[in-house]
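A.B. asks: Have a look at this one before I ask anything.
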Amino acid sequence: MRKLFYSTLIGTTILSIGTTVHAQKKSYFDKTNMDSSINPADDFFMYANGNWIKNAKIPDDQYSWGSFTTLYEENLKKLRAIVEETSLKKHPKGSIQQKVGDYYKSGMDTITLEKMGYDPLKPVLQKIDALRNYKELLLFIAENYYKSGIDLLGFSVGTDEKNSTKNIATLSQTALTLPEKDYYFRADAKTNEQRKKMVAFATQLFTLVGIDLNTAQKNATDVLNIETAIAKSHLSQVELRDPIKNYNKISLNDLQKQSPHIDWSKLFSIMNVKVDSLNIAQPKYIAYLDTLLITQPISVWKNKLKFDYIAGNAGVLSKVFRNTQFEFDKIFSGQTVQQERWKTMINSTDSKLGDLLSQLYVHKYFPPTAKKRMDELVNNLQHAFQLRIEKLDWMSATTKQHAQEKLNTFLKKIGYPTKWKNIDGVTIDPTHFFVNRERLALHKYKKMIEKLSKSTDKTEWFMTPSTVNAYYNPNFNEIVFPAAILQFPFFDLDADDAINYGAIGMVIGHEMTHGFDDQGRQYDKDGNLKNWWQAADAEKFTTKSKTVIHQYNQYKVLDSLKVNGELTLGENLADIGGLAIAYDAFKMTQQGQSQEKIDGFTPDQRFFLSLAQIWRSIERPELSRLLINTDPHSPSIYRVNGALSNFEPFYKAFNITEKNKLFRQPADRAKIW
């Protein structure tokens, strides 16, 4: 899982890892979800999950349903219990409880939201109306950069890819409403319809702020046209996966020469940004923007900025704005009903006050015993990966040594951070939802800018502990497992090893492998974008990766669409590697070395069934279409069948032969890590 799925101390060699054999016979795999009419050697995903998939129904307020979403929903209920209990009590002003409770309360006050309509937007919209040229437009953006929807520069601050101890300012491609560039150019009927609906969406938003229909339609067309022009400069989803291509450090003086119509020094001064160099992630975008600013009428740019600002805030305004936003979003998600307000506000609270809410969450739901067990599992998988690297037959000793060094310096973050972020100085008012959000946005922006004068803080988390997800961060060379994912079906303290290693073990192995996938392998043990490979080994890795690309390119979705093997390469490598690492670690346990059956399955079979269970899901066709175009993860069925079809122990566990559909010739099986 890369931000899901982005992406230590080893003692003496352990011969038998994990010594717990559970006497209890509690079932952690529901056999009624299986479809025994399907041969596991032909379609293991459907064998393990077929009856569940036949009977499952996606709730109207969801766009998919499965192991992740059911856990996500259960987790929302836990967060709701915390937040609502907190919001009903009085707490000292400035305390965690007061801020969490009052923020939630302000967003649940829909009566006040209805009364306000779009009043919160009026001051900014009036300022946009008053802009006379592109120079004033840029100054306005700089002055209001922290506000939602006001951005053309893609400005951010983060770790310098080639010097992980330092932070760097970055400019990135941005300014598109549709999911990615190809949505502006594909000529198929479906995409044409989506573009028309974008224009209709923009038209309605313009009318909702008092613009007459004819003018609103013209403005909306302007927005589509300018975004289509911008899209020509964007890199594709595959190109965005190349860290070398997306690192272009440049001096401020050279940036000024390359984009002469943008007064960068003036803009950065207004934004309180002090830099003499920065990374231009996608130079073509900035160069193209520089040209478009002077060739497109200011009226078009004002329409674009108005639309972005209204759309960026539509979800937090009155019901008519929220409904308009939902009607547009559902053409990509297929979701038929909006989520209940409490769900929206729990997600918003987690997003805006994540570390505050997570402190309350961890205290209640993440016991020290769970953290201790996870520490053990991570160490066990790290050891298993170490052994796998030692045994690689295609890698030289020199590259192996560097790989081991990188593996052994993984920063492992389990459950929750050692240092919590705060929002000291931000006043949260129970009666002013929009104001609260702007205060929090300004606070977040200031904290981001402060990073420019500081070294990187490797204690920082980029995902809240209350999030059902996990990630690997190549810049910190870290694997991160928030408390919220450490629940069944991914992890259970009382589950047998086959269940835990097949589920959370695979997730751990997946994140570890991200450090060595096609992207992660380009970073050294310190998180720097730096080549540590012998040339011959890098060439062999590339050749082996092409096997994975070819394999996944064959998989179909919605009959006509195919998986993009290049886009999904990193996640597919992580799935294949994570499976192997988790299995090796499992085989070091007592259960892994036994043949004792539970629920009629051998330990190995139970391991593979647990793995298939965590990827169980169904999704709406609209979402499937979107994900094929934009998501670096393969569809769930191929995350299971694709990975397993390369793995010899799976063949043995379910007697797979050349007659079976999952069989792949040994020479065609992907085996890298």
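Every chain in the structure tokens has a letter given in the order shown (A, B, ...), and although residue numbers restart at 1 in each chain, ligands are simply numbered from 1 in the order shown.
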May I have the residues within 12 Å of A:Ala582 as an NGL selection string, using only C-alpha atoms and disregarding those fewer than 4 positions away in the same chain?
C.D. replies: :A and (17 or 377-385 or 388 or 497-513 or 574-578 or 586-589 or 592 or 604 or 607-608 or 610-611 or 673)
A.B. asks: Could you name the residues that touch stretch 486-491 of chain A at 12 Å or less, counting only C-alpha atoms, but leaving out those on the same chain fewer than 6 positions away, as a ChimeraX atom specification?
C.D. replies: /A:27-30,66-72,74-75,362,365-367,369-375,377,414-416,465-470,480,497-508,609-616
A.B. asks: Taking the chain letters and numbering used in this document, name the residues of stretch 35-277 of chain A that DSSP puts in alpha helix (DSSP H), as a VMD selection string.
C.D. replies: chain A and resid 44 to 55 67 to 87 96 to 108 110 to 116 122 to 129 134 to 143 189 to 208 213 to 231 252 to 258 264 to 270
A.B. asks: Just the residues within 7 Å of A:Leu171, please, counting only C-alpha atoms, with nothing from its chain fewer than 4 positions along; format it as a ChimeraX atom specification.
C.D. replies: /A:153-156,279-281
A.B. asks: Using DSSP on the backbone coordinates, identify all residues within stretch 248-289 of chain A classified as strand (DSSP E or B); present the result as a list in words.
C.D. replies: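 Reading the DSSP output for stretch 248-289 of chain A, strand (DSSP E or B) covers Lys249, Ile250, Ser251, Ser277, Leu278, Asn279 and Ile280 of chain A.
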A.B. asks: Could you save the residues just selected, with C-alpha atoms, as a PDB file, in the first residue's frame?
C.D. replies:
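Below is the file selection_27.pdb, written as the result:
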```
ATOM      1  CA  LYS A 249      15.874  21.148  -8.665  1.00  0.00           C
ATOM      2  CA  ILE A 250      16.457  24.640  -9.961  1.00  0.00           C
ATOM      3  CA  SER A 251      17.597  27.990  -8.629  1.00  0.00           C
ATOM      4  CA  SER A 277      16.156  26.967  -5.024  1.00  0.00           C
ATOM      5  CA  LEU A 278      13.243  24.582  -5.328  1.00  0.00           C
ATOM      6  CA  ASN A 279      12.053  21.453  -7.124  1.00  0.00           C
ATOM      7  CA  ILE A 280       9.943  21.883 -10.250  1.00  0.00           C
TER       8      ILE A 280
END
```
A.B. asks: Give the answer as one residue: which of A:Leu529, A:Ile389, A:Leu561, A:Leu442 has the shortest atom-to-atom distance to A:Tyr146, using only C-alpha atoms?
C.D. replies: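 Nearest to A:Tyr146: A:Leu442.
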A.B. asks: List as a list of chain:residue names the protein and nucleic acid residues near A:Thr336, meaning an atom at most 12 Å away when only C-alpha atoms are counted, but skip any in the same chain fewer than 2 places from it.
C.D. replies: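 Counting only C-alpha atoms, the residues come to A:Ile58, A:Pro59, A:Asp60, A:Asp61, A:Gln62, A:Tyr63, A:Ser64, A:Asn323, A:Phe326, A:Glu327, A:Phe328, A:Asp329, A:Lys330, A:Ile331, A:Phe332, A:Ser333, A:Gly334, A:Gln338, A:Gln339, A:Arg620, A:Glu622.
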A.B. asks: Generate the output file for the selected residues, C-alpha atoms, as a PDB file, in the first residue's frame.
C.D. replies:
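What follows is the written file result-v4.pdb:
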```pdb
ATOM      1  CA  ILE A  58     -22.952  -2.287  -1.790  1.00  0.00           C
ATOM      2  CA  PRO A  59     -24.731   0.101   0.586  1.00  0.00           C
ATOM      3  CA  ASP A  60     -26.300   3.048  -1.206  1.00  0.00           C
ATOM      4  CA  ASP A  61     -23.896   5.481   0.458  1.00  0.00           C
ATOM      5  CA  GLN A  62     -20.827   3.504  -0.610  1.00  0.00           C
ATOM      6  CA  TYR A  63     -19.065   3.032  -3.948  1.00  0.00           C
ATOM      7  CA  SER A  64     -17.454  -0.268  -2.941  1.00  0.00           C
ATOM      8  CA  ASN A 323     -26.083  18.020  -3.521  1.00  0.00           C
ATOM      9  CA  PHE A 326     -22.435  14.892  -4.970  1.00  0.00           C
ATOM     10  CA  GLU A 327     -24.245  14.652  -8.315  1.00  0.00           C
ATOM     11  CA  PHE A 328     -20.975  15.390 -10.096  1.00  0.00           C
ATOM     12  CA  ASP A 329     -18.845  13.097  -7.947  1.00  0.00           C
ATOM     13  CA  LYS A 330     -21.132  10.123  -8.429  1.00  0.00           C
ATOM     14  CA  ILE A 331     -20.436   9.947 -12.170  1.00  0.00           C
ATOM     15  CA  PHE A 332     -17.024   8.610 -11.134  1.00  0.00           C
ATOM     16  CA  SER A 333     -18.010   6.696  -7.995  1.00  0.00           C
ATOM     17  CA  GLY A 334     -21.460   5.332  -8.822  1.00  0.00           C
ATOM     18  CA  GLN A 338     -24.862  10.762   0.139  1.00  0.00           C
ATOM     19  CA  GLN A 339     -23.412   9.585   3.412  1.00  0.00           C
ATOM     20  CA  ARG A 620     -19.546  -0.086  -8.715  1.00  0.00           C
ATOM     21  CA  GLU A 622     -18.166   3.712 -12.402  1.00  0.00           C
TER      22      GLU A 622
END
```
A.B. asks: Give me the residues near A:Lys232 as a count of residues only, where near means some atom within 12 Å (using only C-alpha atoms) and where sequence neighbours in that chain fewer than 2 positions away do not count.
C.D. replies: 26
A.B. asks: Determine, counting only C-alpha atoms, which protein, DNA and RNA residues have an atom within 10 Å of an atom of A:Phe410; residues of the same chain fewer than 4 positions away are not included. Present the result as a list in words.
C.D. replies: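 Residues near the query, excluding close chain neighbours: Thr8, Leu9, Gln382, Glu405, Lys406, Tyr472, Pro474, Phe476, Asn477, Glu478, Ile479, Met512, Gly515, Lys525, Asp526 and Gly527 of chain A.
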A.B. asks: Pull C-alpha atoms from the residues just selected and write them as a PDB file, in the first residue's frame.
C.D. replies:
```pdb
ATOM      1  CA  THR A   8      15.546  -1.930  13.274  1.00  0.00           C
ATOM      2  CA  LEU A   9      17.002  -4.024  15.663  1.00  0.00           C
ATOM      3  CA  GLN A 382      11.973  -8.226   8.406  1.00  0.00           C
ATOM      4  CA  GLU A 405      21.564  -2.262   4.847  1.00  0.00           C
ATOM      5  CA  LYS A 406      18.428  -0.590   3.594  1.00  0.00           C
ATOM      6  CA  TYR A 472       5.794   3.038   2.971  1.00  0.00           C
ATOM      7  CA  PRO A 474      10.790   6.168   0.621  1.00  0.00           C
ATOM      8  CA  PHE A 476      12.173   8.334   5.437  1.00  0.00           C
ATOM      9  CA  ASN A 477      12.705   4.665   4.494  1.00  0.00           C
ATOM     10  CA  GLU A 478       9.834   3.895   6.841  1.00  0.00           C
ATOM     11  CA  ILE A 479       6.899   1.508   7.084  1.00  0.00           C
ATOM     12  CA  MET A 512       8.487  -3.631   3.078  1.00  0.00           C
ATOM     13  CA  GLY A 515      11.205  -0.123  -0.404  1.00  0.00           C
ATOM     14  CA  LYS A 525      18.883   3.488   3.101  1.00  0.00           C
ATOM     15  CA  ASP A 526      18.800   7.143   4.163  1.00  0.00           C
ATOM     16  CA  GLY A 527      15.874   7.971   1.909  1.00  0.00           C
TER      17      GLY A 527
END
```
A.B. asks: Kindly indicate which residue among A:Leu125, A:Leu356, A:Ile637, A:Leu255 lies nearest to A:Gly50, using only C-alpha atoms for the distances.
C.D. replies: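 The answer is A:Ile637, which sits nearest to A:Gly50.
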A.B. asks: Between A:Pro621, A:Pro92, A:Gly642, A:Gly600, which is the closest to A:Leu579 once you count only C-alpha atoms?
C.D. replies: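 Closest residue, counting only C-alpha atoms: A:Gly642.
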A.B. asks: Find the spatial neighbours of stretch 106-123 of chain A, counting only C-alpha atoms, within a cut-off of 8 Å - ignore same-chain residues fewer than 2 positions away - and output them as a tab-separated table (two decimals) with all heavy atoms, in the first residue's frame.
C.D. replies:
```
chain	number	residue	atom	x	y	z
A	102	ASP	N	-16.08	20.62	19.62
A	102	ASP	CA	-16.68	21.82	19.04
A	102	ASP	C	-16.55	21.87	17.53
A	102	ASP	O	-17.42	22.41	16.84
A	102	ASP	CB	-16.07	23.08	19.67
A	102	ASP	CG	-16.61	23.34	21.08
A	102	ASP	OD1	-17.54	22.61	21.50
A	102	ASP	OD2	-16.10	24.25	21.76
A	103	TYR	N	-15.47	21.32	16.99
A	103	TYR	CA	-15.36	21.27	15.52
A	103	TYR	C	-16.47	20.38	14.96
A	103	TYR	O	-17.15	20.75	14.00
A	103	TYR	CB	-13.99	20.74	15.10
A	103	TYR	CG	-13.86	20.63	13.59
A	103	TYR	CD1	-13.56	21.76	12.84
A	103	TYR	CD2	-14.06	19.43	12.92
A	103	TYR	CE1	-13.45	21.68	11.45
A	103	TYR	CE2	-13.97	19.34	11.54
A	103	TYR	CZ	-13.66	20.47	10.81
A	103	TYR	OH	-13.58	20.39	9.44
A	104	TYR	N	-16.64	19.22	15.55
A	104	TYR	CA	-17.69	18.30	15.11
A	104	TYR	C	-19.06	18.96	15.24
A	104	TYR	O	-19.90	18.90	14.33
A	104	TYR	CB	-17.62	17.02	15.94
A	104	TYR	CG	-18.68	16.00	15.61
A	104	TYR	CD1	-18.58	15.21	14.47
A	104	TYR	CD2	-19.78	15.81	16.45
A	104	TYR	CE1	-19.54	14.25	14.17
A	104	TYR	CE2	-20.74	14.85	16.15
A	104	TYR	CZ	-20.62	14.08	15.02
A	104	TYR	OH	-21.57	13.13	14.72
A	125	LEU	N	-15.08	35.86	-3.63
A	125	LEU	CA	-15.63	35.99	-4.98
A	125	LEU	C	-15.62	37.45	-5.44
A	125	LEU	O	-15.36	37.74	-6.62
A	125	LEU	CB	-17.05	35.42	-5.02
A	125	LEU	CG	-17.17	33.90	-4.86
A	125	LEU	CD1	-18.64	33.48	-4.82
A	125	LEU	CD2	-16.44	33.17	-5.98
A	126	GLN	N	-15.89	38.36	-4.54
A	126	GLN	CA	-15.85	39.79	-4.89
A	126	GLN	C	-14.44	40.22	-5.25
A	126	GLN	O	-14.23	41.02	-6.18
A	126	GLN	CB	-16.39	40.62	-3.72
A	126	GLN	CG	-17.90	40.47	-3.53
A	126	GLN	CD	-18.39	41.07	-2.21
A	126	GLN	OE1	-17.60	41.59	-1.42
A	126	GLN	NE2	-19.69	41.00	-1.98
A	127	LYS	N	-13.45	39.69	-4.54
A	127	LYS	CA	-12.07	40.02	-4.85
A	127	LYS	C	-11.67	39.47	-6.22
A	127	LYS	O	-10.94	40.13	-6.98
A	127	LYS	CB	-11.14	39.47	-3.77
A	127	LYS	CG	-11.26	40.20	-2.43
A	127	LYS	CD	-10.31	39.61	-1.40
A	127	LYS	CE	-10.43	40.33	-0.06
A	127	LYS	NZ	-9.54	39.74	0.97
A	209	VAL	N	-24.39	30.97	-7.19
A	209	VAL	CA	-23.82	32.18	-6.58
A	209	VAL	C	-24.34	33.43	-7.29
A	209	VAL	O	-23.72	34.50	-7.23
A	209	VAL	CB	-22.28	32.15	-6.57
A	209	VAL	CG1	-21.78	31.00	-5.71
A	209	VAL	CG2	-21.71	32.08	-7.98
A	310	ILE	N	-15.44	27.86	-5.63
A	310	ILE	CA	-16.79	27.39	-5.27
A	310	ILE	C	-16.79	25.86	-5.14
A	310	ILE	O	-17.28	25.31	-4.16
A	310	ILE	CB	-17.83	27.82	-6.32
A	310	ILE	CG1	-17.85	29.34	-6.46
A	310	ILE	CG2	-19.22	27.32	-5.92
A	310	ILE	CD1	-18.61	29.83	-7.69
A	317	LEU	N	-20.79	23.77	2.37
A	317	LEU	CA	-21.78	24.85	2.37
A	317	LEU	C	-23.18	24.28	2.59
A	317	LEU	O	-23.33	23.20	3.16
A	317	LEU	CB	-21.70	25.61	1.04
A	317	LEU	CG	-20.37	26.34	0.76
A	317	LEU	CD1	-20.37	26.93	-0.64
A	317	LEU	CD2	-20.10	27.43	1.80
A	318	SER	N	-24.20	24.99	2.16
A	318	SER	CA	-25.58	24.57	2.36
A	318	SER	C	-25.91	23.36	1.49
A	318	SER	O	-25.14	22.96	0.61
A	318	SER	CB	-26.54	25.72	2.05
A	318	SER	OG	-26.33	26.20	0.74
A	319	LYS	N	-27.07	22.79	1.72
A	319	LYS	CA	-27.43	21.50	1.12
A	319	LYS	C	-27.42	21.54	-0.40
A	319	LYS	O	-26.98	20.59	-1.05
A	319	LYS	CB	-28.82	21.08	1.61
A	319	LYS	CG	-29.21	19.67	1.20
A	319	LYS	CD	-30.52	19.26	1.84
A	319	LYS	CE	-30.88	17.82	1.47
A	319	LYS	NZ	-32.15	17.40	2.11
A	341	ARG	N	-24.74	12.75	7.56
A	341	ARG	CA	-23.91	13.88	7.95
A	341	ARG	C	-22.87	13.51	8.99
A	341	ARG	O	-21.74	14.00	8.96
A	341	ARG	CB	-24.81	15.01	8.48
A	341	ARG	CG	-24.06	16.30	8.84
A	341	ARG	CD	-23.47	16.94	7.61
A	341	ARG	NE	-22.68	18.13	7.95
A	341	ARG	CZ	-21.99	18.84	7.06
A	341	ARG	NH1	-22.01	18.50	5.79
A	341	ARG	NH2	-21.30	19.90	7.44
A	342	TRP	N	-23.21	12.63	9.92
A	342	TRP	CA	-22.26	12.29	10.97
A	342	TRP	C	-21.01	11.63	10.39
A	342	TRP	O	-19.89	11.85	10.87
A	342	TRP	CB	-22.90	11.43	12.05
A	342	TRP	CG	-23.21	10.00	11.68
A	342	TRP	CD1	-24.38	9.49	11.25
A	342	TRP	CD2	-22.29	8.88	11.73
A	342	TRP	NE1	-24.28	8.14	11.01
A	342	TRP	CE2	-23.01	7.74	11.31
A	342	TRP	CE3	-20.95	8.75	12.09
A	342	TRP	CZ2	-22.42	6.47	11.24
A	342	TRP	CZ3	-20.36	7.48	12.02
A	342	TRP	CH2	-21.10	6.36	11.61
A	345	MET	N	-18.82	14.28	8.88
A	345	MET	CA	-18.16	15.08	9.89
A	345	MET	C	-17.10	14.30	10.68
A	345	MET	O	-16.11	14.88	11.13
A	345	MET	CB	-19.18	15.70	10.84
A	345	MET	CG	-19.81	16.97	10.29
A	345	MET	SD	-18.57	18.15	9.67
A	345	MET	CE	-17.58	18.41	11.14
A	429	ASP	N	-14.53	27.19	17.23
A	429	ASP	CA	-15.81	27.75	17.69
A	429	ASP	C	-16.94	26.79	17.30
A	429	ASP	O	-17.05	26.40	16.14
A	429	ASP	CB	-16.03	29.11	17.03
A	429	ASP	CG	-17.20	29.88	17.62
A	429	ASP	OD1	-18.26	29.27	17.84
A	429	ASP	OD2	-17.05	31.10	17.84
A	430	PRO	N	-17.81	26.41	18.23
A	430	PRO	CA	-18.88	25.45	17.92
A	430	PRO	C	-19.94	25.99	16.98
A	430	PRO	O	-20.81	25.24	16.52
A	430	PRO	CB	-19.47	25.13	19.30
A	430	PRO	CG	-19.17	26.33	20.13
A	430	PRO	CD	-17.82	26.80	19.65
A	431	THR	N	-19.90	27.29	16.65
A	431	THR	CA	-20.95	27.89	15.83
A	431	THR	C	-20.46	28.37	14.47
A	431	THR	O	-21.24	28.93	13.70
A	431	THR	CB	-21.59	29.09	16.57
A	431	THR	OG1	-20.58	30.09	16.80
A	431	THR	CG2	-22.18	28.65	17.90
A	432	HIS	N	-19.18	28.17	14.15
A	432	HIS	CA	-18.64	28.71	12.90
A	432	HIS	C	-17.80	27.66	12.15
A	432	HIS	O	-16.58	27.68	12.19
A	432	HIS	CB	-17.78	29.95	13.17
A	432	HIS	CG	-18.57	31.12	13.68
A	432	HIS	ND1	-19.47	31.80	12.90
A	432	HIS	CD2	-18.60	31.71	14.91
A	432	HIS	CE1	-20.03	32.77	13.61
A	432	HIS	NE2	-19.52	32.74	14.83
A	433	PHE	N	-18.48	26.76	11.46
A	433	PHE	CA	-17.82	25.66	10.77
A	433	PHE	C	-16.84	26.16	9.70
A	433	PHE	O	-15.68	25.75	9.66
A	433	PHE	CB	-18.87	24.74	10.15
A	433	PHE	CG	-18.30	23.54	9.43
A	433	PHE	CD1	-17.37	22.71	10.05
A	433	PHE	CD2	-18.71	23.22	8.14
A	433	PHE	CE1	-16.85	21.59	9.41
A	433	PHE	CE2	-18.20	22.11	7.49
A	433	PHE	CZ	-17.27	21.31	8.12
A	434	PHE	N	-17.28	27.03	8.83
A	434	PHE	CA	-16.43	27.51	7.74
A	434	PHE	C	-15.22	28.25	8.29
A	434	PHE	O	-14.10	28.07	7.81
A	434	PHE	CB	-17.23	28.43	6.80
A	434	PHE	CG	-16.55	28.70	5.50
A	434	PHE	CD1	-16.69	27.83	4.43
A	434	PHE	CD2	-15.74	29.82	5.34
A	434	PHE	CE1	-16.05	28.08	3.22
A	434	PHE	CE2	-15.10	30.07	4.14
A	434	PHE	CZ	-15.25	29.20	3.08
```
A.B. asks: Of the candidates A:Glu340, A:Glu566, A:Glu161, A:Asp242, which shows the shortest atom-to-atom distance to A:Gln551, using only C-alpha atoms?
C.D. replies: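 The shortest atom-to-atom distance to A:Gln551 comes from A:Glu566.
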A.B. asks: To one decimal in Å, tell me the separation between atom CA of A:Phe663 and atom CA of A:Leu387.
C.D. replies: 26.8 Å
A.B. asks: Let me make sure I understand: among A:Val223, A:Met448, A:Val435, A:Leu360, which one has the smallest atom-to-atom distance to A:Val316 if we use only C-alpha atoms?
C.D. replies: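 For A:Val316, the nearest of the candidates is A:Val435.
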A.B. asks: Could you tell me how far atom CA of A:Gln256 sits from atom CA of A:Phe307, in Å to one decimal place?
C.D. replies: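 Here the two named atoms are 28.3 Å from each other.
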A.B. asks: What is the atom CA of A:Val548 to atom CA of A:Ile618 distance in Å?
C.D. replies: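 For atom CA of A:Val548 relative to atom CA of A:Ile618, the distance reads 24.2 Å.
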A.B. asks: Measuring atom to atom with only C-alpha atoms, identify which of A:Glu539, A:Asp517, A:Asp188, A:Glu596 is nearest to A:Asp496.
C.D. replies: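 With only C-alpha atoms as the atom set, the closest residue is A:Glu596.
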A.B. asks: What are the nearest atom pairs, with distances in Å to one decimal, for all residues of stretch 277-307 of chain A that come at most 10 Å from stretch 133-144 of chain A, using only C-alpha atoms, set out by chain and rising residue number as CSV?
C.D. replies:
```
residue,atom,partner,partner_atom,distance
A:Leu292,CA,A:Tyr134,CA,9.8
A:Leu293,CA,A:Tyr134,CA,6.1
A:Ile294,CA,A:Tyr134,CA,7.0
A:Thr295,CA,A:Tyr134,CA,9.9
A:Gln296,CA,A:Tyr134,CA,9.2
A:Pro297,CA,A:Asn133,CA,8.4
A:Ile298,CA,A:Asn133,CA,5.6
A:Ser299,CA,A:Asn133,CA,8.7
A:Trp301,CA,A:Tyr134,CA,7.8
A:Lys302,CA,A:Leu137,CA,7.8
A:Leu305,CA,A:Leu137,CA,8.9
```
